[in-house]
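Shown here: data21.csv, CSV, C-alpha atoms.
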chain,number,residue,atom,x,y,z
A,23,MET,CA,11.4,105.2,240.0
A,24,GLN,CA,9.3,102.2,241.0
A,25,GLY,CA,6.1,100.2,240.3
A,26,ASP,CA,4.7,100.2,236.8
A,27,ASP,CA,7.2,102.8,235.6
A,28,LEU,CA,10.2,100.6,236.5
A,29,ILE,CA,8.6,97.5,234.9
A,30,ILE,CA,7.9,99.3,231.7
A,31,GLU,CA,11.3,101.0,231.6
A,32,THR,CA,13.1,97.8,232.2
A,33,VAL,CA,11.2,95.9,229.6
A,34,LEU,CA,11.6,98.6,227.0
A,35,LEU,CA,15.3,98.9,227.7
A,36,ALA,CA,15.8,95.2,227.3
A,37,GLY,CA,13.9,95.2,224.1
A,38,LYS,CA,15.8,98.2,222.8
A,39,ILE,CA,19.2,96.6,223.5
A,40,MET,CA,18.2,93.3,221.9
A,41,ILE,CA,16.7,94.8,218.7
A,42,GLU,CA,19.6,97.4,218.3
A,43,ASN,CA,22.1,94.6,218.4
A,44,GLY,CA,20.4,92.1,216.0
A,45,ALA,CA,18.2,89.7,217.9
A,46,ASP,CA,15.3,87.9,216.1
A,47,MET,CA,11.8,89.1,217.0
A,48,ALA,CA,10.6,85.8,218.3
A,49,ARG,CA,13.4,85.8,220.9
A,50,VAL,CA,12.7,89.5,221.8
A,51,ASP,CA,9.0,88.8,222.2
A,52,ASP,CA,9.7,85.8,224.4
A,53,THR,CA,12.2,87.6,226.6
A,54,LEU,CA,10.2,90.8,227.1
A,55,SER,CA,7.0,89.0,228.0
A,56,ARG,CA,8.9,86.8,230.3
A,57,ILE,CA,10.4,89.8,232.2
A,58,ALA,CA,7.0,91.4,232.4
A,59,ARG,CA,5.3,88.3,233.7
A,60,ASN,CA,8.0,87.6,236.2
A,61,ALA,CA,7.6,91.2,237.4
A,62,GLY,CA,4.0,90.4,238.2
A,63,ILE,CA,2.0,91.6,235.2
A,64,TYR,CA,-0.7,89.1,234.2
A,65,GLN,CA,-1.1,89.9,230.6
A,66,PRO,CA,1.5,92.3,229.2
A,67,LYS,CA,0.8,93.7,225.8
A,68,ILE,CA,4.0,94.2,223.8
A,69,PHE,CA,4.3,95.2,220.2
A,70,GLU,CA,7.8,95.3,218.7
A,71,THR,CA,9.1,96.1,215.2
A,72,THR,CA,12.7,96.8,214.1
A,73,THR,CA,12.1,100.6,214.5
A,74,GLY,CA,10.3,100.8,217.8
A,75,ILE,CA,8.6,99.0,220.8
A,76,LEU,CA,5.2,99.7,222.4
A,77,MET,CA,4.3,98.3,225.7
A,78,SER,CA,1.2,98.6,227.8
A,79,ILE,CA,-0.2,97.1,231.0
A,80,PRO,CA,-3.9,96.7,230.2
A,81,GLU,CA,-5.5,96.6,233.7
A,82,ARG,CA,-3.5,99.6,234.9
A,83,LYS,CA,-3.8,101.8,231.9
A,84,SER,CA,-0.2,102.7,231.5
A,85,SER,CA,1.9,102.5,228.4
A,86,GLN,CA,5.1,103.8,226.7
A,87,VAL,CA,6.8,103.9,223.4
A,88,GLU,CA,10.5,103.5,222.7
A,89,PRO,CA,11.8,104.4,219.3
A,90,ILE,CA,14.9,102.5,218.0
A,91,LEU,CA,17.0,104.6,215.7
A,92,LYS,CA,20.3,102.8,215.3
A,93,ARG,CA,21.0,99.3,214.3
A,94,THR,CA,24.4,97.6,214.9
A,95,ILE,CA,25.5,94.0,215.3
A,96,ASP,CA,26.7,92.8,218.7
A,97,LEU,CA,25.4,89.3,219.6
A,98,GLU,CA,27.2,89.3,222.9
A,99,LYS,CA,24.8,91.9,224.2
A,100,VAL,CA,21.8,89.9,223.1
A,101,SER,CA,23.1,86.9,224.9
A,102,LEU,CA,23.8,88.9,228.1
A,103,VAL,CA,20.3,90.3,228.1
A,104,ASN,CA,19.1,86.8,227.8
A,105,GLN,CA,21.3,85.7,230.7
A,106,ASN,CA,20.0,88.5,232.9
A,107,SER,CA,16.4,87.7,232.1
A,108,ARG,CA,17.0,84.1,233.1
A,109,ALA,CA,18.6,85.2,236.4
A,110,PHE,CA,15.6,87.4,237.1
A,111,GLN,CA,13.2,84.5,236.4
A,112,ALA,CA,15.2,82.3,238.7
A,113,GLY,CA,14.9,84.9,241.4
A,114,GLN,CA,18.6,85.6,241.7
A,115,ILE,CA,18.3,89.3,241.0
A,116,THR,CA,15.5,91.9,241.7
A,117,LEU,CA,13.9,94.1,239.1
A,118,MET,CA,16.0,97.1,240.2
A,119,GLU,CA,19.2,95.1,239.8
A,120,LEU,CA,18.0,93.8,236.4
A,121,HIS,CA,17.5,97.4,235.3
A,122,ASP,CA,20.9,98.5,236.6
A,123,ASN,CA,22.6,95.5,234.9
A,124,LEU,CA,20.9,96.3,231.6
A,125,VAL,CA,22.1,100.0,231.8
A,126,LYS,CA,25.6,98.8,232.6
A,127,LEU,CA,25.9,96.2,229.9
A,128,ASN,CA,24.5,98.6,227.3
A,129,VAL,CA,27.5,100.8,227.7
A,130,SER,CA,30.3,98.6,228.8
A,131,THR,CA,30.2,95.2,227.0
A,132,PRO,CA,33.6,94.5,225.6
A,133,PHE,CA,33.8,94.1,221.8
A,134,PHE,CA,36.6,92.1,220.2
A,135,SER,CA,39.4,94.5,219.4
A,136,PHE,CA,39.7,96.0,215.9
A,137,TRP,CA,42.9,94.0,215.1
A,138,LEU,CA,41.3,90.7,216.1
A,139,GLN,CA,38.3,91.5,213.9
A,140,LEU,CA,40.6,92.4,211.0
A,141,LEU,CA,42.4,89.1,211.5
A,142,ALA,CA,39.1,87.3,211.6
A,143,ALA,CA,38.0,89.0,208.4
A,144,VAL,CA,41.3,87.9,206.7
A,145,GLY,CA,40.7,84.4,208.0
A,146,VAL,CA,37.2,84.3,206.6
A,147,SER,CA,38.3,85.5,203.2
A,148,CYS,CA,41.2,83.1,202.8
A,149,THR,CA,39.4,80.0,204.1
A,150,LEU,CA,36.3,80.6,202.1
A,151,MET,CA,38.3,81.2,199.0
A,152,LEU,CA,40.0,77.8,199.5
A,153,MET,CA,36.7,76.1,200.3
A,154,TYR,CA,35.1,77.3,197.1
A,155,GLY,CA,37.9,75.8,195.1
A,156,GLY,CA,40.5,78.6,194.8
A,157,HIS,CA,44.2,78.1,194.3
A,158,TRP,CA,46.9,78.5,197.0
A,159,GLN,CA,48.7,81.0,194.8
A,160,ASP,CA,45.8,83.5,195.4
A,161,LEU,CA,46.0,83.3,199.2
A,162,PHE,CA,48.1,86.4,199.7
A,163,ALA,CA,46.0,88.5,197.3
A,164,THR,CA,42.8,87.4,199.0
A,165,ALA,CA,44.2,88.2,202.4
A,166,LEU,CA,45.1,91.7,201.2
A,167,ALA,CA,41.8,92.3,199.5
A,168,GLY,CA,39.7,90.9,202.5
A,169,GLY,CA,41.7,92.8,205.1
A,170,LEU,CA,41.7,96.2,203.3
A,171,GLY,CA,38.1,95.8,202.3
A,172,TYR,CA,37.0,95.0,205.9
A,173,GLY,CA,39.2,97.8,207.3
A,174,CYS,CA,37.7,100.3,205.0
A,175,TYR,CA,34.2,99.1,205.8
A,176,TYR,CA,34.8,99.3,209.6
A,177,TYR,CA,36.5,102.7,209.5
A,178,ILE,CA,33.8,104.4,207.4
A,179,ASN,CA,31.0,102.6,209.3
A,180,ASN,CA,32.4,104.0,212.6
A,181,ARG,CA,32.9,107.5,211.2
A,182,LEU,CA,29.8,108.1,209.0
A,183,LYS,CA,27.4,105.5,210.5
A,184,VAL,CA,25.9,104.8,207.1
A,185,ARG,CA,26.1,101.1,206.5
A,186,PHE,CA,25.3,101.0,202.8
A,187,VAL,CA,28.0,103.6,201.8
A,188,SER,CA,30.7,101.8,203.8
A,189,GLU,CA,29.7,98.5,202.2
A,190,PHE,CA,29.8,100.0,198.7
A,191,LEU,CA,33.3,101.6,199.3
A,192,GLY,CA,34.6,98.4,201.0
A,193,SER,CA,33.6,96.1,198.1
A,194,PHE,CA,34.9,98.7,195.6
A,195,LEU,CA,38.3,98.6,197.3
A,196,ILE,CA,38.2,94.8,197.2
A,197,GLY,CA,37.6,94.8,193.5
A,198,VAL,CA,40.4,97.3,192.9
A,199,VAL,CA,42.8,95.3,195.0
A,200,ALA,CA,41.9,92.1,193.2
A,201,VAL,CA,42.3,93.6,189.7
A,202,LEU,CA,45.7,95.2,190.7
A,203,CYS,CA,47.0,92.0,192.3
A,204,VAL,CA,46.3,90.0,189.1
A,205,ARG,CA,47.9,92.7,187.0
A,206,VAL,CA,51.2,92.6,188.9
A,207,ASN,CA,51.1,88.8,189.0
A,208,LEU,CA,50.4,88.4,192.7
A,209,GLY,CA,47.3,86.3,192.0
A,210,GLU,CA,45.6,84.4,189.2
A,211,GLN,CA,41.9,84.4,189.4
A,212,ILE,CA,40.1,87.7,189.9
A,213,ASP,CA,36.8,85.9,190.5
A,214,MET,CA,38.1,83.8,193.5
A,215,ILE,CA,40.0,86.7,195.1
A,216,THR,CA,36.9,89.0,194.9
A,217,ILE,CA,34.5,86.3,196.2
A,218,GLY,CA,36.7,85.6,199.1
A,219,GLY,CA,37.4,89.2,199.9
A,220,VAL,CA,33.7,90.1,199.9
A,221,MET,CA,32.5,87.3,202.2
A,222,PRO,CA,33.2,89.2,205.6
A,223,LEU,CA,30.9,91.9,204.4
A,224,VAL,CA,28.0,89.5,203.8
A,225,PRO,CA,24.9,90.7,205.8
A,226,GLY,CA,24.5,87.4,207.6
A,227,VAL,CA,22.6,88.8,210.6
A,228,PRO,CA,19.7,90.5,208.6
A,229,ILE,CA,19.4,87.5,206.2
A,230,THR,CA,19.0,84.9,209.0
A,231,ASN,CA,16.8,87.2,211.1
A,232,ALA,CA,14.6,88.0,208.1
A,233,VAL,CA,13.9,84.3,207.5
A,234,ARG,CA,13.3,83.5,211.1
A,235,ASP,CA,11.0,86.5,211.6
A,236,VAL,CA,8.8,85.7,208.6
A,237,PHE,CA,8.4,82.1,209.7
A,238,ALA,CA,7.6,83.2,213.3
A,239,GLY,CA,4.8,85.4,212.0
A,240,HIS,CA,6.5,88.8,212.5
A,241,LEU,CA,5.9,89.9,209.0
A,242,LEU,CA,6.6,93.5,209.5
A,243,SER,CA,10.1,93.0,210.9
A,244,GLY,CA,10.8,90.2,208.5
A,245,MET,CA,10.1,92.3,205.5
A,246,SER,CA,12.1,95.3,206.8
A,247,ARG,CA,15.1,93.1,207.5
A,248,ALA,CA,14.8,91.4,204.1
A,249,SER,CA,14.9,94.8,202.4
A,250,GLU,CA,17.8,95.8,204.6
A,251,SER,CA,19.8,92.7,203.5
A,252,LEU,CA,18.8,93.2,199.9
A,253,LEU,CA,20.1,96.8,200.0
A,254,SER,CA,23.4,95.7,201.6
A,255,ALA,CA,23.8,93.0,198.9
A,256,CYS,CA,23.0,95.6,196.2
A,257,ALA,CA,25.6,98.0,197.7
A,258,ILE,CA,28.2,95.3,197.6
A,259,GLY,CA,27.3,94.3,194.1
A,260,MET,CA,27.4,97.9,192.9
A,261,GLY,CA,30.9,98.3,194.3
A,262,ILE,CA,32.2,95.3,192.4
A,263,ALA,CA,30.2,96.2,189.2
A,264,VAL,CA,31.8,99.7,189.1
A,265,VAL,CA,35.3,98.1,189.2
A,266,PHE,CA,34.5,95.8,186.3
A,267,ARG,CA,32.9,98.5,184.2
A,268,PHE,CA,35.8,100.9,184.4
A,269,MET,CA,38.9,98.8,184.9
B,135,MET,CA,41.1,62.5,202.6
B,136,GLU,CA,43.4,65.4,202.4
B,137,PHE,CA,40.6,67.3,200.6
B,138,ILE,CA,38.1,66.6,203.4
B,139,LEU,CA,40.6,67.5,206.1
B,140,MET,CA,41.4,70.9,204.5
B,141,GLN,CA,37.7,71.6,204.0
B,142,VAL,CA,36.9,70.8,207.7
B,143,ILE,CA,39.8,73.0,209.0
B,144,CYS,CA,38.9,75.9,206.6
B,145,CYS,CA,35.2,75.7,207.5
B,146,TYR,CA,35.9,75.7,211.2
B,147,LEU,CA,38.2,78.8,210.9
B,148,ALA,CA,35.7,80.6,208.6
B,149,THR,CA,32.8,80.1,211.0
B,150,LEU,CA,34.9,81.2,213.9
B,151,GLY,CA,36.1,84.2,212.0
B,152,PHE,CA,32.6,85.3,211.2
B,153,GLY,CA,31.6,84.7,214.8
B,154,ILE,CA,34.3,87.1,215.9
B,155,ILE,CA,33.1,89.7,213.4
B,156,VAL,CA,29.5,89.7,214.8
B,157,ASN,CA,30.9,89.4,218.3
B,158,ILE,CA,29.4,86.3,219.7
B,159,PRO,CA,30.4,85.4,223.3
B,160,HIS,CA,33.7,83.6,223.8
B,161,ARG,CA,32.0,80.6,225.3
B,162,ALA,CA,30.0,79.9,222.2
B,163,LEU,CA,32.8,80.2,219.6
B,164,ASN,CA,34.0,76.6,219.7
B,165,SER,CA,30.6,74.9,219.4
B,166,CYS,CA,29.6,77.4,216.8
B,167,GLY,CA,32.6,76.3,214.7
B,168,TRP,CA,31.5,72.6,214.9
B,169,VAL,CA,27.9,73.4,213.9
B,170,GLY,CA,29.3,75.1,210.8
B,171,VAL,CA,31.6,72.2,210.0
B,172,PHE,CA,28.7,69.6,210.2
B,173,GLY,CA,26.6,71.8,208.0
B,174,TRP,CA,29.3,72.1,205.4
B,175,ILE,CA,30.1,68.4,205.4
B,176,THR,CA,26.4,67.6,204.8
B,177,TYR,CA,26.5,70.1,201.9
B,178,LEU,CA,29.6,68.4,200.4
B,179,ALA,CA,28.2,64.9,200.9
B,180,LEU,CA,24.8,65.6,199.3
B,181,LYS,CA,26.5,67.4,196.4
B,182,SER,CA,28.9,64.6,195.7
B,183,LEU,CA,25.9,62.2,195.5
B,184,ASN,CA,24.7,64.3,192.6
B,185,LEU,CA,21.5,65.3,194.3
B,186,GLY,CA,21.7,68.9,193.1
B,187,THR,CA,22.7,72.2,194.7
B,188,MET,CA,19.3,73.0,196.0
B,189,LEU,CA,18.8,69.8,197.9
B,190,ALA,CA,22.4,70.1,199.3
B,191,ASN,CA,21.6,73.5,200.6
B,192,VAL,CA,18.3,72.3,202.2
B,193,GLY,CA,20.1,69.5,203.9
B,194,ALA,CA,23.0,71.6,205.1
B,195,ALA,CA,20.6,74.3,206.5
B,196,LEU,CA,18.5,71.6,208.2
B,197,VAL,CA,21.7,70.2,209.9
B,198,ILE,CA,22.7,73.7,210.9
B,199,GLY,CA,19.3,74.5,212.3
B,200,LEU,CA,19.1,71.3,214.3
B,201,GLY,CA,22.7,71.6,215.5
B,202,SER,CA,22.3,75.2,216.7
B,203,MET,CA,19.1,74.2,218.4
B,204,ILE,CA,20.9,71.5,220.4
B,205,MET,CA,23.8,73.8,221.2
B,206,ALA,CA,21.4,76.6,222.2
B,207,ARG,CA,19.7,74.2,224.7
B,208,LYS,CA,23.0,72.9,226.0
B,209,LEU,CA,24.7,76.3,226.5
B,210,LYS,CA,21.5,78.2,227.4
B,211,MET,CA,22.1,80.9,224.8
B,212,PRO,CA,19.9,82.3,222.0
B,213,MET,CA,19.9,80.2,218.8
B,214,ILE,CA,20.9,82.9,216.4
B,215,LEU,CA,24.4,82.9,217.9
B,216,PHE,CA,25.1,79.6,216.3
B,217,ASN,CA,22.9,80.0,213.3
B,218,ILE,CA,24.4,83.1,211.7
B,219,PRO,CA,28.1,82.3,211.5
B,220,SER,CA,27.4,78.7,210.5
B,221,MET,CA,25.3,79.5,207.5
B,222,VAL,CA,27.9,81.9,206.0
B,223,PRO,CA,29.7,79.3,203.9
B,224,LEU,CA,26.4,78.4,202.3
B,225,VAL,CA,25.7,82.0,201.1
B,226,PRO,CA,25.6,81.9,197.3
B,227,GLY,CA,28.5,84.4,197.0
B,228,GLY,CA,29.9,82.9,193.8
B,229,GLN,CA,26.6,83.0,191.9
B,230,ALA,CA,25.8,86.5,193.1
B,231,TYR,CA,29.3,87.6,192.0
B,232,ARG,CA,28.8,86.1,188.5
B,233,ALA,CA,25.4,87.8,188.3
B,234,VAL,CA,26.9,91.2,189.1
B,235,ARG,CA,29.8,90.6,186.7
B,236,ASN,CA,27.5,89.7,183.8
B,237,PHE,CA,25.3,92.7,184.5
B,238,ALA,CA,28.3,94.9,184.4
B,239,PHE,CA,29.4,93.5,181.0
B,240,GLY,CA,25.9,93.7,179.6
B,241,ASN,CA,25.2,89.9,179.3
B,242,ASP,CA,21.7,90.4,180.9
B,243,LEU,CA,20.4,86.9,180.1
B,244,LYS,CA,23.3,85.2,181.7
B,245,ALA,CA,23.1,87.5,184.7
B,246,ILE,CA,19.4,86.8,185.2
B,247,TYR,CA,20.2,83.0,185.0
B,248,TYR,CA,22.6,83.5,187.9
B,249,LEU,CA,20.2,85.8,189.8
B,250,VAL,CA,17.5,83.1,189.6
B,251,GLN,CA,20.1,80.6,191.0
B,252,VAL,CA,20.9,83.0,193.9
B,253,THR,CA,17.2,83.4,194.7
B,254,MET,CA,16.6,79.6,194.6
B,255,ILE,CA,19.6,78.9,196.9
B,256,ALA,CA,18.5,81.5,199.4
B,257,GLY,CA,15.1,80.0,199.3
B,258,SER,CA,16.4,76.5,199.9
B,259,ILE,CA,18.5,77.7,202.9
B,260,ALA,CA,15.3,79.3,204.3
B,261,MET,CA,13.4,76.1,203.6
B,262,GLY,CA,16.0,74.0,205.5
B,263,PHE,CA,15.8,76.3,208.6
B,264,PHE,CA,12.0,76.1,208.4
B,265,ILE,CA,12.1,72.3,208.4
B,266,ALA,CA,14.5,72.3,211.3
B,267,GLU,CA,12.2,74.6,213.3
B,268,LEU,CA,9.2,72.3,212.5
B,269,ILE,CA,11.0,69.2,213.6
B,270,ALA,CA,12.2,70.8,216.8
B,271,ARG,CA,8.7,72.2,217.6
B,272,THR,CA,7.1,68.8,217.1
B,273,TYR,CA,9.7,67.1,219.2
B,274,PHE,CA,9.5,69.5,222.1
B,275,GLN,CA,5.7,69.3,222.1
B,276,ALA,CA,5.8,65.6,222.1
B,277,ALA,CA,8.3,65.6,224.9
B,278,ARG,CA,6.1,68.0,226.9
B,279,ARG,CA,3.1,65.8,226.4
B,280,GLN,CA,5.1,62.8,227.6
B,281,LYS,CA,6.1,64.7,230.7
B,282,SER,CA,2.6,65.8,231.6
B,283,LYS,CA,1.2,62.3,231.3

Would you mind writing the file out in structure tokens?
Amino acid sequence: MQGDDLIIETVLLAGKIMIENGADMARVDDTLSRIARNAGIYQPKIFETTTGILMSIPERKSSQVEPILKRTIDLEKVSLVNQNSRAFQAGQITLMELHDNLVKLNVSTPFFSFWLQLLAAVGVSCTLMLMYGGHWQDLFATALAGGLGYGCYYYINNRLKVRFVSEFLGSFLIGVVAVLCVRVNLGEQIDMITIGGVMPLVPGVPITNAVRDVFAGHLLSGMSRASESLLSACAIGMGIAVVFRFM
Amino acid sequence: MEFILMQVICCYLATLGFGIIVNIPHRALNSCGWVGVFGWITYLALKSLNLGTMLANVGAALVIGLGSMIMARKLKMPMILFNIPSMVPLVPGGQAYRAVRNFAFGNDLKAIYYLVQVTMIAGSIAMGFFIAELIARTYFQAARRQKSK
């Protein structure tokens, strides 16, 4: 593979990795056109949305489409693609090496281990509960709710690959744990325990990206991300509401 | 004093924790925590001056936006790495929770009151980011013009 094919393939792969792992569109646009221009294309035409990328080289009449079907969150990959693009611009690596690096980092970027993530989720729950004015007595219950909720979310998300269902079940579990903890006198305020426990599930990446995309003029991506975060928020809210309605 | 110290430590840990959940690079974790702390301190300061929740959120988001821009330039990394974990403490979780709770119990009017608050807070965070972007863009353009002269 060489010439135009290699350029288009590399650009599309870079875009695919970035969008799949939660980069904002202005950044994707910038990186992709940079790679294309550094590979010697005068005016690359690139159109990207959250569900697919289109790229064409106008004067040579070649173009390709790349659909994007899955969406996860892994900001380290975004940062690595960015690093590689910078190295390519500085002339430290060739286009072929850039392509190989992208293929490699797409499959073998280390993620923080599950236990560290669980610990982080517990940390987020407890500290935010204290920051919002909760009592120290609720610390243990919040840790339990946050940890169990995030564990459930993570496990189901990895198994079923449906984000909204896992968010619903995770927040449902958090609500149940909060209510039970207060019933057996392990905690005092159901409100604070639940708010703290739910915080690790907050769709922070889609919210931030939605705002940034809309302001950068990528209306299509901005709206789709806004609706994604709205759906996530609704799923979390439904989980909690079910607990309150029936317990 | 004790209160502020506890808030700073908690905010640093919370930002760090969310950073681990979304898997940002190890190199960025520390500076990301500090951006979050500065944002939250701005929020607390503006709120203790009785300027209202919305203005406090705008100010905090502005500080986070500018802070993450500076860190992104310094570490040569995308800006969203710093943006996303730092804004998590500002997310109107409490109000959203009360809205859901009131909907579940059938107090629709109260629930809508909280829902409006959630929307306004989310809007003011977006506003803060927008102003930060505007300032940065003007500054960089001015700097570029200075250089080309």

Could you check which of B:Ile138, B:Ile214, B:Met254, B:Ala245 is closest to Val192 in chain B, using only C-alpha atoms?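 Closest to Val192 in chain B, using only C-alpha atoms: B:Met254.
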
Which residue out of B:Asn164, B:Ser258, B:Asn191, B:Asn184 has the minimum interatomic distance to chain A when all atoms listed in the file are used?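 Ranked by minimum distance to chain A, first place goes to B:Ser258.
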
Against chain A, which residues of chain B fall within 6 Å? For each one I want the closest pair of atoms and the distance in Å (one decimal), counting only C-alpha atoms, rows by chain and increasing residue number, as a Markdown table.
| residue | atom | partner | partner_atom | distance |
| --- | --- | --- | --- | --- |
| B:Gln141 | CA | A:Met153 | CA | 5.9 |
| B:Cys144 | CA | A:Thr149 | CA | 4.8 |
| B:Ala148 | CA | A:Val146 | CA | 4.5 |
| B:Gly151 | CA | A:Ala142 | CA | 4.3 |
| B:Ile155 | CA | A:Gln139 | CA | 5.5 |
| B:Val156 | CA | A:Asp96 | CA | 5.7 |
| B:Asn157 | CA | A:Asp96 | CA | 5.4 |
| B:Ile158 | CA | A:Glu98 | CA | 4.9 |
| B:Pro159 | CA | A:Glu98 | CA | 5.1 |
| B:Ile218 | CA | A:Gly226 | CA | 5.9 |
| B:Val234 | CA | A:Gly259 | CA | 5.9 |
| B:Ala238 | CA | A:Ala263 | CA | 5.3 |

Requested write-out: C-alpha atoms of the selected residues, as an mmCIF file, in the coordinates of the input:
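Result file result-v1.cif:
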data_model
loop_
_atom_site.group_PDB
_atom_site.id
_atom_site.type_symbol
_atom_site.label_atom_id
_atom_site.label_comp_id
_atom_site.auth_asym_id
_atom_site.auth_seq_id
_atom_site.Cartn_x
_atom_site.Cartn_y
_atom_site.Cartn_z
ATOM 1 C CA GLN B 141 37.700 71.600 204.000
ATOM 2 C CA CYS B 144 38.900 75.900 206.600
ATOM 3 C CA ALA B 148 35.700 80.600 208.600
ATOM 4 C CA GLY B 151 36.100 84.200 212.000
ATOM 5 C CA ILE B 155 33.100 89.700 213.400
ATOM 6 C CA VAL B 156 29.500 89.700 214.800
ATOM 7 C CA ASN B 157 30.900 89.400 218.300
ATOM 8 C CA ILE B 158 29.400 86.300 219.700
ATOM 9 C CA PRO B 159 30.400 85.400 223.300
ATOM 10 C CA ILE B 218 24.400 83.100 211.700
ATOM 11 C CA VAL B 234 26.900 91.200 189.100
ATOM 12 C CA ALA B 238 28.300 94.900 184.400
#

Pick from B:Ala277, B:Leu200, B:Val222, B:Leu183 nearest to Tyr146 in chain B, counting all atoms listed in the file: B:Val222

Excluding Asp26 in chain A and its own-chain neighbours fewer than 5 positions away, which residues fall within 12 Å of it when counting all atoms listed in the file? Please give them as a PyMOL selection string. chain A and resi 31-33+58+61-63+66+77-86+117

Just the residues within 7 Å of range 167-175 of chain B, please, counting all atoms listed in the file, with nothing from its chain fewer than 5 positions along; format it as JSON, numbers by chain. {"B": [142, 145, 146, 149, 150, 194, 195, 197, 198, 201, 202, 220, 221]}

Using all atoms listed in the file, determine which residues lie at most 6 Å from range 183-192 of chain A, disregarding the query and same-chain residues fewer than 6 positions distant; provide the list as a PyMOL selection string. chain A and resi 171+174-175+254+257-258+261

Within 7 Å of Gly37 in chain A using all atoms listed in the file, minus same-chain residues under 3 positions, as a list in words: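 Answer for this query is Val33, Leu34, Met40, Ile41, Val50 and Leu54 of chain A.
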
Counting only C-alpha atoms, what is within 10 Å of Thr73 in chain A, bar same-chain residues fewer than 5 positions away, as a list in words?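 The residues satisfying every condition are Lys38, Ile41, Glu42, Glu88, Pro89, Ile90, Leu91, Lys92, Arg93, Ser243 and Ser246 of chain A.
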
Considering only C-alpha atoms, can you say which of B:Met188, B:Gln275, B:Gln280, B:Arg207 comes closest to Gln251 in chain B? B:Met188

For CA of Ile265 in chain B and CA of Leu196 in chain B, the interatomic separation in Å (one decimal):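 It comes out at 6.4 Å.
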
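Atom pair CA of Leu249 in chain B / CA of Leu224 in chain B: separated by 15.8 Å.
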
Please determine, counting all atoms listed in the file, which residue among B:Ala190, B:Pro226, B:Ala270, B:Pro219 has the shortest atom-to-atom distance to Ile154 in chain B.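 So, comparing all the options, the nearest one is B:Pro219.
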
Here CA of Ala200 in chain A and CA of Ala163 in chain A stand apart by 6.8 Å

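Of the listed residues (A:Leu161, A:Leu252, A:Val236, A:Ile178), A:Leu161 comes nearest to Gly209 in chain A; the distances count all atoms listed in the file.
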